[in-house]
Amino acid sequence: MLDTLADSGVQIREVRLPDEWDFLTGSSITTASAAERCETFMEFLRRDVRLFGVSLNSWLRSLFVPGHDYVTWLRLRMLLLEKILFELFRDVDLVVQTSVTPFDLVGCPLIGFPIGFSQNADGPDVPIGGLIGGLPYGEQRLLGLAATYQAVTDWH
């Protein structure tokens, strides 16, 4: 994907992750942040828990995040957002992601799009996708990058 984008005129640059990145995006932090995600779907949890399938346990666990953990998460979220805005994006417009974390934690936009197929010698090739994160209100750049990629490939 990166080679194809570079061939299309996109400048690719490696970035260094900010200090404390692993801590700020670790599992204890993301568990506390799940309380917000759960609140959005509370109506559906109350209506029919079967709608959540195999992920029901993680949804229910997020209902029991202790208040002090949630308040700590709110404070850490501001630090994480600051690191994303002022350190990670210091010299770049978009960031290739391997996970939705931390962008989903702080409300920054992401886009996922098909980029080809894995080369699986033991079975059928499996489709794979690229994930790109952007700055707040940066959806237009994300869509533009995905459109650029799709214009020169046939994975869509």
# chains A, B, ... in the order shown; residues from 1 in each chain; ligands from 1
call {"tool": "select_by_dssp", "arguments": {"residues": "stretch 82-125 of chain A", "states": "strand (DSSP E)", "output": "PDB file with N, CA and C atoms, in the first residue's frame"}}
result
ATOM      1  N   LEU A  94      -1.363  12.534   7.757  1.00  0.00           N
ATOM      2  CA  LEU A  94      -2.106  11.306   8.021  1.00  0.00           C
ATOM      3  C   LEU A  94      -1.147  10.269   8.580  1.00  0.00           C
ATOM      4  N   VAL A  95      -1.689   9.274   9.293  1.00  0.00           N
ATOM      5  CA  VAL A  95      -0.861   8.251   9.904  1.00  0.00           C
ATOM      6  C   VAL A  95      -1.427   6.873   9.560  1.00  0.00           C
ATOM      7  N   VAL A  96      -0.560   5.983   9.049  1.00  0.00           N
ATOM      8  CA  VAL A  96      -0.963   4.598   8.812  1.00  0.00           C
ATOM      9  C   VAL A  96      -1.100   3.931  10.168  1.00  0.00           C
ATOM     10  N   GLN A  97      -2.201   3.260  10.381  1.00  0.00           N
ATOM     11  CA  GLN A  97      -2.503   2.621  11.655  1.00  0.00           C
ATOM     12  C   GLN A  97      -2.479   1.107  11.506  1.00  0.00           C
ATOM     13  N   LEU A 110     -10.824   7.993  11.291  1.00  0.00           N
ATOM     14  CA  LEU A 110     -10.098   6.873  10.696  1.00  0.00           C
ATOM     15  C   LEU A 110     -10.813   6.455   9.427  1.00  0.00           C
ATOM     16  N   ILE A 111     -10.071   5.854   8.511  1.00  0.00           N
ATOM     17  CA  ILE A 111     -10.702   5.239   7.354  1.00  0.00           C
ATOM     18  C   ILE A 111     -10.016   3.910   7.092  1.00  0.00           C
ATOM     19  N   GLY A 112     -10.819   2.917   6.818  1.00  0.00           N
ATOM     20  CA  GLY A 112     -10.317   1.609   6.431  1.00  0.00           C
ATOM     21  C   GLY A 112     -10.769   1.333   5.013  1.00  0.00           C
ATOM     22  N   PHE A 113      -9.886   0.723   4.213  1.00  0.00           N
ATOM     23  CA  PHE A 113     -10.248   0.427   2.825  1.00  0.00           C
ATOM     24  C   PHE A 113      -9.467  -0.789   2.351  1.00  0.00           C
ATOM     25  N   PRO A 114     -10.002  -1.510   1.350  1.00  0.00           N
ATOM     26  CA  PRO A 114      -9.331  -2.716   0.874  1.00  0.00           C
ATOM     27  C   PRO A 114      -8.032  -2.379   0.156  1.00  0.00           C
ATOM     28  N   ILE A 115      -6.976  -3.175   0.444  1.00  0.00           N
ATOM     29  CA  ILE A 115      -5.672  -2.924  -0.194  1.00  0.00           C
ATOM     30  C   ILE A 115      -5.118  -4.164  -0.894  1.00  0.00           C
ATOM     31  N   GLY A 116      -5.859  -5.242  -0.920  1.00  0.00           N
ATOM     32  CA  GLY A 116      -5.384  -6.428  -1.622  1.00  0.00           C
ATOM     33  C   GLY A 116      -5.738  -7.701  -0.897  1.00  0.00           C
ATOM     34  N   PHE A 117      -4.908  -8.725  -1.096  1.00  0.00           N
ATOM     35  CA  PHE A 117      -5.143 -10.031  -0.503  1.00  0.00           C
ATOM     36  C   PHE A 117      -3.847 -10.559   0.095  1.00  0.00           C
TER      37      PHE A 117
END
call {"tool": "closest_residue", "arguments": {"among": "A:Glu14, A:Trp73, A:Met1, A:Trp21", "to": "A:Leu105", "atoms": "only C-alpha atoms"}}
result
A:Trp73
call {"tool": "residues_around", "arguments": {"residues": "A:Thr101", "least_positions_apart": "3", "cutoff": "12 Å", "atoms": "only C-alpha atoms", "output": "list in words"}}
result
Trp21, Asp22, Leu24, Thr25, Gly26, Ser27, Ile29, Thr30, Thr31, Ser33, Ala34, Arg77, Leu80, Leu81, Ile84, Val96, Gln97, Thr98, Asp104, Leu105, Val106, Gly107, Cys108, Pro109, Leu110, Leu131, Ile132 and Gly133 of chain A
call {"tool": "write_last_selection", "arguments": {"atoms": "C-alpha atoms", "output": "mmCIF file, in the first residue's frame"}}
result
data_model
loop_
_atom_site.group_PDB
_atom_site.id
_atom_site.type_symbol
_atom_site.label_atom_id
_atom_site.label_comp_id
_atom_site.auth_asym_id
_atom_site.auth_seq_id
_atom_site.Cartn_x
_atom_site.Cartn_y
_atom_site.Cartn_z
ATOM 1 C CA TRP A 21 2.538 5.901 23.956
ATOM 2 C CA ASP A 22 2.311 2.282 25.132
ATOM 3 C CA LEU A 24 -1.605 5.781 27.037
ATOM 4 C CA THR A 25 -2.902 3.228 24.535
ATOM 5 C CA GLY A 26 -2.604 0.127 26.758
ATOM 6 C CA SER A 27 -5.367 -2.261 27.711
ATOM 7 C CA ILE A 29 -6.684 2.608 29.518
ATOM 8 C CA THR A 30 -8.884 1.218 26.758
ATOM 9 C CA THR A 31 -10.919 -0.758 29.299
ATOM 10 C CA SER A 33 -12.688 4.195 27.969
ATOM 11 C CA ALA A 34 -15.178 1.455 27.099
ATOM 12 C CA ARG A 77 -7.442 11.097 27.214
ATOM 13 C CA LEU A 80 -3.230 11.318 24.613
ATOM 14 C CA LEU A 81 -5.053 13.807 22.379
ATOM 15 C CA ILE A 84 -1.538 12.954 18.889
ATOM 16 C CA VAL A 96 -0.963 4.598 8.812
ATOM 17 C CA GLN A 97 -2.503 2.621 11.655
ATOM 18 C CA THR A 98 -2.357 -1.041 12.619
ATOM 19 C CA ASP A 104 -11.127 5.823 18.388
ATOM 20 C CA LEU A 105 -10.307 6.694 22.011
ATOM 21 C CA VAL A 106 -10.027 10.428 21.366
ATOM 22 C CA GLY A 107 -12.501 10.835 18.504
ATOM 23 C CA CYS A 108 -10.039 11.389 15.663
ATOM 24 C CA PRO A 109 -11.210 10.146 12.262
ATOM 25 C CA LEU A 110 -10.098 6.873 10.696
ATOM 26 C CA LEU A 131 -6.243 1.812 8.119
ATOM 27 C CA ILE A 132 -5.320 5.504 8.111
ATOM 28 C CA GLY A 133 -5.853 8.005 10.930
#
call {"tool": "select_by_dssp", "arguments": {"residues": "chain A", "states": "helix (DSSP H, G or I)", "output": "MDAnalysis selection string"}}
result
chainID A and resid 2:7 21:24 27:40 42:47 49:64 67:88 103:106 139:151
call {"tool": "atom_distance", "arguments": {"atom1": "atom CA of A:Val152", "atom2": "atom CA of A:Gly138"}}
result
22.4 Å
call {"tool": "atom_distance", "arguments": {"atom1": "atom CA of A:Asp154", "atom2": "atom CA of A:Leu142"}}
result
18.5 Å
call {"tool": "atom_distance", "arguments": {"atom1": "atom CA of A:Asp93", "atom2": "atom CA of A:Arg141"}}
result
8.1 Å
call {"tool": "residues_around", "arguments": {"residues": "A:Pro18", "least_positions_apart": "4", "cutoff": "7 Å", "atoms": "only C-alpha atoms", "output": "PDB file with N, CA and C atoms, in the first residue's frame"}}
result
ATOM      1  N   LYS A  83      -0.779  14.529  22.707  1.00  0.00           N
ATOM      2  CA  LYS A  83       0.351  13.851  22.069  1.00  0.00           C
ATOM      3  C   LYS A  83       0.066  13.552  20.601  1.00  0.00           C
ATOM      4  N   GLU A  87       2.513  15.947  18.733  1.00  0.00           N
ATOM      5  CA  GLU A  87       3.739  15.166  18.548  1.00  0.00           C
ATOM      6  C   GLU A  87       3.621  14.227  17.355  1.00  0.00           C
ATOM      7  N   LEU A  88       2.593  13.404  17.327  1.00  0.00           N
ATOM      8  CA  LEU A  88       2.451  12.434  16.243  1.00  0.00           C
ATOM      9  C   LEU A  88       2.258  13.131  14.896  1.00  0.00           C
TER      10      LEU A  88
END
